[in-house]
Structures are given as C-alpha cells and as structure tokens.
$ cat structure17.cif   # mmCIF, C-alpha atoms and all ligand atoms
data_input
#
loop_
_atom_site.label_atom_id
_atom_site.label_comp_id
_atom_site.auth_asym_id
_atom_site.auth_seq_id
_atom_site.Cartn_x
_atom_site.Cartn_y
_atom_site.Cartn_z
CA MET B 937 52.34 90.44 125.91
CA GLU B 938 52.59 93.50 123.62
CA GLU B 939 56.30 93.73 124.41
CA SER B 940 57.04 90.10 123.53
CA LYS B 941 55.11 90.51 120.28
CA SER B 942 57.24 93.48 119.32
CA ASN B 943 60.43 91.57 120.27
CA LEU B 944 59.35 88.82 117.91
CA VAL B 945 58.82 91.32 115.11
CA ASP B 946 62.28 92.81 115.77
CA GLU B 947 63.89 89.37 115.74
CA GLU B 948 62.14 88.51 112.46
CA ALA B 949 63.32 91.76 110.89
CA LYS B 950 66.88 91.17 112.11
CA ALA B 951 66.86 87.56 110.90
CA SER B 952 65.64 88.56 107.44
CA LEU B 953 68.85 90.62 107.11
CA ASP B 954 71.26 88.40 109.07
CA ILE B 955 70.57 85.34 106.93
CA TRP B 956 72.37 87.00 104.00
CA ARG B 957 75.65 86.90 105.97
CA PHE B 958 75.52 83.13 105.64
CA VAL B 959 74.51 83.17 101.98
CA PHE B 960 77.25 85.54 100.79
CA GLY B 961 79.56 85.80 103.83
CA PHE B 962 82.49 84.33 101.96
CA ALA B 963 82.61 87.46 99.76
CA ASP B 964 84.05 89.37 102.77
CA ILE B 965 86.99 87.00 103.04
CA ALA B 966 87.52 86.63 99.28
CA ALA B 967 87.61 90.40 98.72
CA ALA B 968 90.10 90.86 101.58
CA LYS B 969 92.29 88.11 100.11
CA CYS B 970 92.07 89.84 96.73
CA ALA B 971 93.33 93.10 98.30
CA ILE B 972 96.24 91.24 99.91
CA ASP B 973 97.09 89.33 96.71
CA LEU B 974 97.14 92.57 94.69
CA LYS B 975 99.03 94.41 97.49
CA ILE B 976 96.46 97.20 97.37
CA PRO B 977 97.29 98.47 100.92
CA GLU B 978 100.99 98.72 99.98
CA ALA B 979 100.18 100.56 96.75
CA ILE B 980 98.13 103.17 98.63
CA GLU B 981 100.75 103.48 101.40
CA ASN B 982 103.56 103.99 98.90
CA ASN B 983 101.71 106.46 96.66
CA PRO B 984 104.54 108.74 95.49
CA SER B 985 102.41 111.85 96.02
CA SER B 986 101.50 110.74 99.59
CA GLN B 987 97.95 111.79 98.70
CA PRO B 988 94.79 109.67 98.58
CA MET B 989 95.12 107.47 95.50
CA THR B 990 92.74 107.82 92.59
CA LEU B 991 91.29 104.76 90.91
CA ALA B 992 93.44 105.41 87.82
CA GLU B 993 96.62 105.62 89.92
CA LEU B 994 95.70 102.54 91.93
CA SER B 995 94.82 100.43 88.90
CA SER B 996 98.10 101.33 87.27
CA ALA B 997 100.05 100.63 90.50
CA VAL B 998 98.56 97.16 91.00
CA SER B 999 98.11 96.34 87.28
CA ALA B 1000 94.37 95.79 87.59
CA SER B 1001 91.42 96.47 85.33
CA PRO B 1002 89.86 99.75 86.56
CA SER B 1003 86.30 98.52 86.16
CA HIS B 1004 86.82 95.42 88.33
CA LEU B 1005 89.04 97.26 90.78
CA ARG B 1006 86.40 99.98 91.23
CA ARG B 1007 83.87 97.33 92.29
CA ILE B 1008 86.31 95.60 94.65
CA MET B 1009 87.20 98.96 96.21
CA ARG B 1010 83.55 99.95 96.54
CA PHE B 1011 82.96 96.74 98.47
CA LEU B 1012 86.07 97.11 100.64
CA VAL B 1013 85.23 100.75 101.41
CA HIS B 1014 81.74 99.66 102.40
CA GLN B 1015 83.34 97.06 104.71
CA GLY B 1016 85.41 99.81 106.35
CA ILE B 1017 88.68 98.32 105.12
CA PHE B 1018 89.67 101.35 103.00
CA LYS B 1019 88.36 104.93 103.01
CA GLU B 1020 87.30 106.94 99.97
CA VAL B 1021 87.78 110.67 100.50
CA PRO B 1022 87.16 113.77 98.36
CA ILE B 1023 90.20 115.25 96.58
CA LYS B 1024 90.83 118.02 94.05
CA ASP B 1025 88.35 120.37 95.76
CA GLY B 1026 85.71 117.69 95.79
CA LEU B 1027 85.90 117.09 92.05
CA ALA B 1028 87.27 113.57 92.48
CA THR B 1029 87.83 110.95 95.17
CA GLY B 1030 90.83 108.95 96.30
CA TYR B 1031 91.45 105.92 98.48
CA THR B 1032 93.32 105.90 101.78
CA ASN B 1033 94.37 103.11 104.13
CA THR B 1034 92.82 102.47 107.53
CA PRO B 1035 94.32 100.62 110.54
CA LEU B 1036 92.44 97.57 109.24
CA SER B 1037 93.84 97.69 105.68
CA ARG B 1038 97.36 98.21 107.10
CA ARG B 1039 96.89 94.89 108.90
CA MET B 1040 96.53 93.38 105.41
CA MET B 1041 100.01 94.39 104.23
CA ILE B 1042 101.80 91.19 103.32
CA THR B 1043 105.14 92.99 103.21
CA LYS B 1044 104.87 94.46 106.73
CA ARG B 1045 106.41 92.65 109.70
CA ASP B 1046 105.33 95.21 112.25
CA GLY B 1047 103.54 93.09 114.85
CA LYS B 1048 100.16 94.17 113.51
CA SER B 1049 99.77 92.70 110.02
CA LEU B 1050 97.99 89.35 109.87
CA ALA B 1051 98.06 89.17 106.05
CA PRO B 1052 100.07 85.89 105.95
CA PHE B 1053 97.47 84.37 108.28
CA VAL B 1054 94.63 85.40 105.94
CA LEU B 1055 96.46 83.85 102.97
CA PHE B 1056 97.11 80.64 104.90
CA GLU B 1057 93.53 80.21 106.09
CA THR B 1058 92.18 80.98 102.61
CA SER B 1059 94.57 78.57 100.88
CA ARG B 1060 93.04 75.69 98.95
CA GLU B 1061 94.50 73.22 101.47
CA MET B 1062 92.83 74.89 104.46
CA LEU B 1063 89.51 75.74 102.83
CA ALA B 1064 88.58 72.32 101.46
CA PRO B 1065 88.21 70.57 104.87
CA TRP B 1066 85.59 73.12 106.00
CA LEU B 1067 83.11 71.63 103.57
CA ARG B 1068 83.24 68.40 105.58
CA LEU B 1069 82.67 69.86 109.04
CA SER B 1070 79.29 68.18 109.39
CA SER B 1071 80.83 64.75 108.81
CA VAL B 1072 83.04 65.04 111.88
CA VAL B 1073 80.11 66.17 113.99
CA SER B 1074 77.92 63.31 112.80
CA SER B 1075 80.67 60.69 113.35
CA PRO B 1076 79.73 57.84 115.63
CA VAL B 1077 81.34 58.08 119.07
CA ASN B 1078 84.33 55.97 118.09
CA GLY B 1079 84.60 57.90 114.84
CA SER B 1080 84.44 55.96 111.61
CA HIS B 1081 84.88 59.15 109.58
CA PRO B 1082 88.42 60.49 109.32
CA PRO B 1083 88.88 64.11 110.45
CA PRO B 1084 87.97 66.63 107.68
CA PHE B 1085 91.58 67.63 106.93
CA ASP B 1086 92.76 64.03 106.71
CA ALA B 1087 89.73 63.05 104.62
CA VAL B 1088 90.61 65.69 102.01
CA HIS B 1089 94.40 65.32 102.02
CA SER B 1090 94.81 61.67 103.12
CA LYS B 1091 97.20 62.87 105.86
CA ASP B 1092 97.21 65.29 108.76
CA VAL B 1093 98.34 68.88 108.53
CA TRP B 1094 101.89 68.23 109.81
CA ALA B 1095 102.48 65.33 107.43
CA LEU B 1096 101.23 67.47 104.52
CA ALA B 1097 103.59 70.25 105.63
CA GLU B 1098 106.49 67.80 105.70
CA ASP B 1099 105.76 66.75 102.11
CA ASN B 1100 104.99 70.20 100.79
CA PRO B 1101 107.59 72.91 101.59
CA CYS B 1102 105.40 75.73 100.17
CA PHE B 1103 102.51 74.75 102.43
CA SER B 1104 104.92 74.44 105.35
CA GLU B 1105 106.27 77.93 104.68
CA MET B 1106 102.73 79.28 104.54
CA ILE B 1107 102.01 77.80 108.01
CA ASN B 1108 105.24 79.17 109.45
CA GLU B 1109 104.65 82.67 108.07
CA ALA B 1110 101.05 82.67 109.34
CA MET B 1111 102.10 81.59 112.83
CA ALA B 1112 105.02 84.03 112.88
CA CYS B 1113 102.80 87.05 112.21
CA ASP B 1114 100.58 86.12 115.16
CA THR B 1115 103.71 85.61 117.25
CA ARG B 1116 105.01 89.10 116.40
CA ARG B 1117 101.66 90.42 117.60
CA VAL B 1118 101.22 88.46 120.81
CA VAL B 1119 104.65 87.52 122.20
CA PRO B 1120 105.57 91.12 123.15
CA ARG B 1121 102.34 91.15 125.21
CA VAL B 1122 103.35 87.88 126.84
CA SER B 1123 106.81 89.14 127.73
CA ARG B 1124 105.36 92.33 129.24
CA ALA B 1125 102.90 90.32 131.34
CA CYS B 1126 105.54 87.84 132.52
CA GLN B 1127 108.64 90.04 132.85
CA ASP B 1128 109.18 89.10 136.52
CA LEU B 1129 109.13 85.39 135.69
CA PHE B 1130 112.16 85.50 133.37
CA ASP B 1131 114.51 86.70 136.14
CA GLY B 1132 117.06 83.97 136.87
CA VAL B 1133 116.03 81.95 133.81
CA SER B 1134 119.11 81.14 131.71
CA THR B 1135 117.71 78.83 129.05
CA VAL B 1136 114.29 78.60 127.40
CA VAL B 1137 113.06 76.12 124.81
CA ASP B 1138 110.16 77.02 122.52
CA VAL B 1139 108.34 73.76 121.78
CA GLY B 1140 106.74 73.73 118.32
CA GLY B 1141 108.41 77.08 117.80
CA GLY B 1142 108.01 77.16 114.01
CA ASN B 1143 110.47 79.47 112.25
CA GLY B 1144 111.94 80.75 115.53
CA GLU B 1145 110.08 84.07 115.65
CA ALA B 1146 108.96 83.76 119.30
CA MET B 1147 112.39 82.75 120.58
CA GLY B 1148 113.92 85.65 118.63
CA ILE B 1149 111.60 88.10 120.38
CA LEU B 1150 112.19 86.58 123.83
CA VAL B 1151 116.01 86.65 123.62
CA LYS B 1152 115.87 90.29 122.52
CA GLU B 1153 113.58 91.15 125.42
CA PHE B 1154 115.58 89.09 127.94
CA PRO B 1155 119.15 89.14 126.56
CA TRP B 1156 120.56 86.92 129.32
CA ILE B 1157 118.57 83.98 127.94
CA LYS B 1158 119.94 81.34 125.60
CA GLY B 1159 117.05 80.18 123.44
CA PHE B 1160 116.28 76.88 121.74
CA ASN B 1161 113.74 76.71 118.94
CA PHE B 1162 112.46 73.13 118.91
CA ASP B 1163 110.23 71.79 116.13
CA LEU B 1164 110.01 68.97 113.61
CA PRO B 1165 113.22 68.70 111.55
CA HIS B 1166 111.57 69.85 108.28
CA VAL B 1167 110.65 73.08 110.12
CA THR B 1168 113.92 73.74 111.98
CA ASP B 1169 115.99 72.92 108.86
CA VAL B 1170 114.61 76.09 107.23
CA ALA B 1171 114.02 78.19 110.37
CA GLN B 1172 115.58 81.63 110.82
CA VAL B 1173 119.17 81.76 112.03
CA LEU B 1174 118.99 84.22 114.92
CA ASP B 1175 121.53 85.50 117.45
CA GLY B 1176 121.13 83.71 120.77
CA VAL B 1177 118.80 81.05 119.34
CA GLU B 1178 119.71 77.48 118.44
CA ASN B 1179 117.36 75.51 116.17
CA VAL B 1180 116.84 71.93 117.34
CA GLY B 1181 114.94 69.37 115.27
CA GLY B 1182 113.00 66.63 117.05
CA ASP B 1183 109.63 65.22 118.04
CA MET B 1184 107.96 66.62 121.16
CA PHE B 1185 106.22 63.27 121.68
CA ASP B 1186 109.67 61.69 122.21
CA TYR B 1187 111.33 64.39 124.32
CA VAL B 1188 111.73 68.10 124.92
CA PRO B 1189 115.29 69.49 125.22
CA LYS B 1190 116.32 70.34 128.80
CA SER B 1191 116.13 73.99 129.82
CA ASP B 1192 115.16 76.24 132.75
CA ALA B 1193 111.79 77.05 131.21
CA VAL B 1194 109.59 75.88 128.36
CA PHE B 1195 107.57 78.19 126.13
CA ILE B 1196 104.78 76.58 124.12
CA LYS B 1197 102.39 78.65 122.03
CA TRP B 1198 99.46 77.41 119.97
CA VAL B 1199 100.67 73.81 120.00
CA LEU B 1200 98.59 72.12 122.71
CA HIS B 1201 95.29 73.23 121.13
CA ASP B 1202 96.19 71.11 118.09
CA TRP B 1203 95.91 67.96 120.21
CA GLY B 1204 93.29 66.04 122.19
CA ASP B 1205 93.70 65.47 125.92
CA LYS B 1206 95.73 62.25 125.70
CA ASP B 1207 98.37 63.77 123.38
CA CYS B 1208 98.25 67.06 125.21
CA ILE B 1209 99.05 65.36 128.54
CA LYS B 1210 101.93 63.47 126.91
CA ILE B 1211 103.42 66.71 125.51
CA LEU B 1212 102.93 68.48 128.84
CA LYS B 1213 104.65 65.61 130.70
CA ASN B 1214 107.64 65.91 128.34
CA CYS B 1215 107.69 69.69 128.95
CA LYS B 1216 107.61 69.09 132.71
CA GLU B 1217 110.47 66.58 132.49
CA ALA B 1218 112.54 69.11 130.52
CA VAL B 1219 112.63 71.74 133.29
CA PRO B 1220 114.36 71.57 136.71
CA ALA B 1221 112.29 70.01 139.51
CA ASN B 1222 112.69 72.98 141.87
CA ILE B 1223 112.39 76.09 139.69
CA GLY B 1224 111.05 74.74 136.39
CA LYS B 1225 108.11 76.40 134.70
CA VAL B 1226 106.22 76.11 131.46
CA PHE B 1227 104.70 79.14 129.72
CA ILE B 1228 101.62 78.04 127.79
CA VAL B 1229 100.21 80.63 125.39
CA GLU B 1230 96.71 79.53 124.48
CA SER B 1231 93.09 80.61 124.60
CA VAL B 1232 90.89 79.96 127.60
CA ILE B 1233 87.26 79.68 126.58
CA ARG B 1234 85.07 81.58 129.04
CA GLU B 1235 82.43 79.07 130.00
CA ASN B 1236 80.03 81.16 131.95
CA LYS B 1237 79.35 83.81 129.35
CA LYS B 1238 76.98 85.94 131.41
CA THR B 1239 79.33 86.48 134.34
CA MET B 1240 82.73 86.45 132.68
CA ILE B 1241 82.35 88.33 129.43
CA VAL B 1242 81.72 92.03 129.25
CA GLU B 1243 80.35 93.59 126.08
CA GLY B 1244 82.56 95.00 123.35
CA ARG B 1245 86.22 93.95 123.06
CA ASP B 1246 85.80 90.94 125.36
CA GLU B 1247 82.83 89.69 123.41
CA LYS B 1248 84.75 90.05 120.12
CA LEU B 1249 87.79 88.23 121.52
CA GLU B 1250 85.54 85.42 122.71
CA HIS B 1251 84.09 85.16 119.21
CA VAL B 1252 87.64 84.74 117.83
CA ARG B 1253 88.32 81.99 120.39
CA LEU B 1254 85.15 80.17 119.41
CA MET B 1255 86.03 80.50 115.70
CA LEU B 1256 89.44 79.07 116.53
CA ASP B 1257 87.73 76.10 118.15
CA MET B 1258 85.89 75.49 114.85
CA VAL B 1259 89.28 75.72 113.05
CA MET B 1260 90.60 72.99 115.35
CA MET B 1261 87.65 70.80 114.43
CA ALA B 1262 88.16 71.31 110.70
CA HIS B 1263 91.95 71.13 110.61
CA THR B 1264 93.10 68.78 113.38
CA SER B 1265 91.84 65.38 114.40
CA THR B 1266 91.42 65.91 118.15
CA GLY B 1267 92.47 69.49 118.82
CA LYS B 1268 90.25 71.96 120.66
CA GLU B 1269 90.19 75.25 122.51
CA ARG B 1270 89.87 74.60 126.24
CA THR B 1271 87.96 76.08 129.14
CA LEU B 1272 89.81 76.67 132.41
CA LYS B 1273 88.30 73.45 133.73
CA GLU B 1274 89.70 71.55 130.74
CA TRP B 1275 93.15 73.16 131.18
CA ASP B 1276 93.01 72.28 134.87
CA PHE B 1277 92.40 68.64 133.93
CA VAL B 1278 95.32 68.25 131.51
CA LEU B 1279 97.74 70.18 133.76
CA ASN B 1280 96.87 68.04 136.77
CA GLU B 1281 97.11 64.83 134.75
CA ALA B 1282 100.55 65.89 133.52
CA GLY B 1283 101.63 66.26 137.15
CA PHE B 1284 102.21 69.99 137.54
CA ALA B 1285 102.15 71.16 141.17
CA ARG B 1286 100.29 74.40 140.44
CA TYR B 1287 99.58 76.95 137.77
CA GLU B 1288 98.50 80.56 137.35
CA VAL B 1289 96.76 82.34 134.47
CA ARG B 1290 97.83 85.82 133.34
CA ASP B 1291 95.43 87.72 131.14
CA ILE B 1292 96.97 89.70 128.27
CA ASP B 1293 93.69 91.15 126.95
CA ASP B 1294 93.97 89.11 123.78
CA VAL B 1295 92.75 85.95 122.06
CA GLN B 1296 95.31 84.00 124.09
CA CYS B 1297 96.27 84.12 127.79
CA VAL B 1298 99.45 82.87 129.45
CA ILE B 1299 99.12 79.85 131.70
CA ILE B 1300 102.26 79.37 133.77
CA ALA B 1301 102.57 75.81 135.03
CA TYR B 1302 105.07 75.08 137.80
CA ARG B 1303 106.81 71.79 138.59
CA SER B 1304 106.83 72.52 142.30
C1 LIG B 1401 100.15 75.95 115.21
S1 LIG B 1401 101.86 75.86 114.98
C2 LIG B 1401 102.46 76.99 116.21
C3 LIG B 1401 103.81 77.56 115.89
C4 LIG B 1401 104.36 78.57 116.92
N1 LIG B 1401 104.43 78.01 118.24
C5 LIG B 1401 103.55 79.84 116.92
O1 LIG B 1401 102.56 79.94 117.65
O2 LIG B 1401 103.88 80.77 116.16
C6 LIG B 1401 102.26 74.27 115.67
C7 LIG B 1401 103.72 73.90 115.56
O3 LIG B 1401 103.89 72.60 116.15
C8 LIG B 1401 104.86 71.91 115.39
N2 LIG B 1401 104.75 70.46 115.62
C9 LIG B 1401 103.75 69.63 115.21
N3 LIG B 1401 104.01 68.36 115.61
C10 LIG B 1401 105.19 68.41 116.28
C11 LIG B 1401 106.02 67.42 116.93
N4 LIG B 1401 105.61 66.13 116.95
N5 LIG B 1401 107.16 67.81 117.52
C12 LIG B 1401 107.56 69.12 117.49
N6 LIG B 1401 106.83 70.10 116.89
C13 LIG B 1401 105.66 69.74 116.29
C14 LIG B 1401 104.51 72.30 113.96
O4 LIG B 1401 105.54 72.02 113.05
C15 LIG B 1401 104.21 73.79 114.14
O5 LIG B 1401 105.36 74.57 113.96
#
$ encode --input "structure17.cif" --output "structure tokens" --more "lines below"
Ligand SMILES: C[S@@+](CC[C@H](N)C(=O)[O-])C[C@H]1O[C@@H](n2cnc3c(N)ncnc32)[C@H](O)[C@@H]1O
Amino acid sequence: MEESKSNLVDEEAKASLDIWRFVFGFADIAAAKCAIDLKIPEAIENNPSSQPMTLAELSSAVSASPSHLRRIMRFLVHQGIFKEVPIKDGLATGYTNTPLSRRMMITKRDGKSLAPFVLFETSREMLAPWLRLSSVVSSPVNGSHPPPFDAVHSKDVWALAEDNPCFSEMINEAMACDTRRVVPRVSRACQDLFDGVSTVVDVGGGNGEAMGILVKEFPWIKGFNFDLPHVTDVAQVLDGVENVGGDMFDYVPKSDAVFIKWVLHDWGDKDCIKILKNCKEAVPANIGKVFIVESVIRENKKTMIVEGRDEKLEHVRLMLDMVMMAHTSTGKERTLKEWDFVLNEAGFARYEVRDIDDVQCVIIAYRS
C-alpha cells in the first residue's frame, strides 16, 4: 500500500515535468532546423584555427546576430547537440561539434548526416498535415474526411511532387541520405544473396542512390533505377545504373532481383499487394527474389524489445507510423503478421527476415 502510494507520487512528479515536452516540444525541432539552415555545424567544423569556436567567430562565420545566436547555442548545448568548452586558460568558452551535430551537416554525404531529412520533414508542406491528424482518426469507417496531406494540398504527396520540382528534390534528397545510411548495412547483411544475380531493379528508387551503392558493392550487377518519370528524368547518372521511368502499379521491369525500400509502407494492403505482385512477376520463377527494406513493428513489446537501443529504434518505427498516417492516405508500418499477410496474398512461396539492427529490416521474399 505504502509502495503504491509512493509510485503514484513519483508518477505525478514525473508527469508535472513531462507535460512540458508537449507544450514546447517543437522548440527542439525548430532549433535543430535553425542550426542546419545556418550551417552552424559546418562553420564549427571548418574553423580555420581548428579550435573550439568562440561566439564572435561563429556569429561572423554564419552571419548571425550574436545575441540571438548565443541563445540558440545555449539551447542546443543544453540539448547535447553542441558542446561548449573552456578555452584561453578558462577565460573564455568555445563551441565544438558532437557526433549528433555532425549528423546535421547539410553539405555532408557521409552516410551519417540526416540533415536533408530534417529539412524535408520540417518543410511547410510536410508540417501542415500534422495539424489534422485527429480528423483522420475520427473519420467514419468508410472515411468521409480526406487524408490530412490531401486535405491540405488537394492532392497526394506524389502528385504534389510531380507539380513542384523543388518539393520533389527535397523528398529525393531526404530519402537519399537515409539510403546512404542504411543500404550499406543491407548489403553487408545480404552479401551471400547477391551471388549469381546479374540484374537488379530498385522500385521507387528515387534519385538512384541505392542502386549506385549496390552496383559499387556488387560490381557484376547491372542496375535499374525505376521510379515515376518526373523522378527518373532528374535522377543521378551513375555508372552501371540505368534510370527507367514508369508506374509500379502498371509493371516492374524484368530483372533477376527486385530491391524496394520505403515504398510499400506508403500504401495500404490492397495497393501493397498489387505492387508486390508486379515485383514477383518481374523476377524469374525459379531464382527470383525481392529485397524489401522496411520496418517491422515489434508487436509483443515485453518479449521482443530489450531496453536501450532497441527501445529507441522501436520509438522511431512508431513515429514513422504516425508519419504514414499524416502524409499518406493508407500507408502504415507493419508488424510481422501484417507483412506475412501481404506477402502471402501476393503469392510469394516463402520469405525470411534479416535484422540489420536499425529502424528497417530486410525481408527477402522468394518466388519459389
Ligand atoms: C518514400 S520514397 C523512397 C525512395 C527510395 N526507395 C529510398 O528509400 O530512398 C517513395 C518513392 O516511391 C516513388 N513512387 C511513388 N509512386 C510510384 C509509382 N506509382 N511508381 C513508381 N514509383 C513510385 C516516389 O517517387 C518515391 O521516389
């Protein structure tokens, strides 16, 4: 009895602090975006003296008002994004980067930076639909409310991208920085499966980043980067990769294997099954396989999630599921049971899941 009373007091005390995250939580994201916009991490990294950067040096490097910049930096240091260290025998302080601030370098294409992703998710186009999340949840079963993104923009995300090249570029850059991060992990986990594979098509491959990484890793492969024509028309021109414009709901170009990353989660089961069927038809009946790079939501939290990194990754997956609700009409992150359903409906003979200790896993679906 005494113990449960003290638990209640602890929970009250915790709640009285936690509630402020929801009142002012957006400040975290806005301040990070501000650092990326001003290229603060780059300024510190490129400090000519290679020393921690003073406020005066930083404000001159990023052309910012010192009084505002000091407050932004105080906040970002408090968040653990930058460090403030003593310099000049402790008479002054200077700022240094951390692994986290280096991941906010918009100019870095090192497989770690997610700065383009932050800018995409904090764009006006992507933020506005969030304010309508409750309307999609309260929709009647057969949905009289349009999805939040469509309600704000009068079209879905891909149609908006087709009409707006800047928005389209923002999507492609955001996806490419995640691809640089995760595709090397995929290729390490699936090395054995690329033996004997001569051609691979990346369905919804965006600007071709994933295919570029795969053909470098497995140089015997000829790669096809398949996406909507407005995307492939401006995709990278890469050695060993051919850009092919088309609609995955009509067909998927023939190849030994299909790679499909972060596409199926944009679609509800009916569309997902249709895309998967087209992927299945594209690969040979005997040896064909489809590499699906997506999250698998761990359903039974208690038994499947260990504390720490796993718990944090699961939080990202669940946030991503909210993103799907705000930004697509029927998309969702799936549990293994839900993946099992769509893969069986699409007619795959079997599948295996390879964990890559990340937000996504690799599901390899086999035709036979
Ligand atoms: C979330 S992005 C993923 C991009 C890339 N696979 C990655 O993870 O970096 C989804 C991609 O699907 C493409 N897409 C959407 N509808 C499509 C369609 N009907 N046919 C082919 N590609 C489509 C989009 O243009 C976009 O590039």
$ closest_residue --input "structure17.cif" --among "B:Arg1270, B:Arg1286, B:Lys1210, B:Lys1158" --to "ligand LIG 1401 (chain B)" --atoms "only C-alpha atoms and all ligand atoms"
B:Lys1210
$ closest_residue --input "structure17.cif" --among "B:Ala966, B:Leu944, B:Val1278, B:Ile1107" --to "ligand LIG 1401 (chain B)" --atoms "all atoms listed in the file"
B:Ile1107
$ atom_distance --input "structure17.cif" --atom1 "CA of Cys1215 (chain B)" --atom2 "CA of Asp1186 (chain B)"
10.6 Å
$ residues_near_ligand --input "structure17.cif" --ligand "ligand LIG 1401 (chain B)" --cutoff "7 Å" --atoms "all atoms listed in the file" --output "list in words"
Trp1094, Asn1108, Met1111, Ala1112, Asp1114, Thr1115, Val1139, Gly1140, Gly1141, Gly1142, Ala1146, Phe1162, Asp1163, Leu1164, Val1167, Gly1182, Asp1183, Met1184, Phe1185, Ile1196, Lys1197, Trp1198, Val1199 and Asp1202 of chain B
$ atom_distance --input "structure17.cif" --atom1 "CA of Phe1018 (chain B)" --atom2 "CA of Ala997 (chain B)"
16.3 Å
$ closest_residue --input "structure17.cif" --among "B:Asn1100, B:Ser1191, B:Gln1015, B:Thr1266" --to "Ile965 (chain B)" --atoms "only C-alpha atoms"
B:Gln1015
$ closest_residue --input "structure17.cif" --among "B:Ile980, B:Ile1211, B:Met1261, B:Ile1299" --to "Glu1281 (chain B)" --atoms "all atoms listed in the file"
B:Ile1211
$ axis_aligned_box --input "structure17.cif" --around "region 1287-1302 of chain B" --padding-each-side "3 Å" --output "lines of an AutoDock Vina configuration file"
center_x = 98.9
center_y = 83.1
center_z = 129.9
size_x = 18.3
size_y = 22.1
size_z = 21.7
$ closest_atom_pairs --input "structure17.cif" --of "region 1111-1186 of chain B" --to "region 1289-1296 of chain B" --cutoff "12 Å" --atoms "only C-alpha atoms" --output "tab-separated table"
residue	atom	partner	partner_atom	distance
B:Asp1114	CA	B:Val1295	CA	10.4
B:Thr1115	CA	B:Gln1296	CA	11.0
B:Arg1117	CA	B:Asp1294	CA	10.0
B:Val1118	CA	B:Asp1294	CA	7.9
B:Val1119	CA	B:Ile1292	CA	10.0
B:Pro1120	CA	B:Ile1292	CA	10.1
B:Arg1121	CA	B:Ile1292	CA	6.3
B:Val1122	CA	B:Ile1292	CA	6.8
B:Ser1123	CA	B:Ile1292	CA	9.9
B:Arg1124	CA	B:Ile1292	CA	8.8
B:Ala1125	CA	B:Ile1292	CA	6.7
B:Cys1126	CA	B:Arg1290	CA	8.0
B:Gln1127	CA	B:Arg1290	CA	11.6
B:Leu1129	CA	B:Arg1290	CA	11.5
$ closest_residue --input "structure17.cif" --among "B:Leu1069, B:Leu1050, B:Ala967, B:Val1021" --to "Met1258 (chain B)" --atoms "all atoms listed in the file"
B:Leu1069
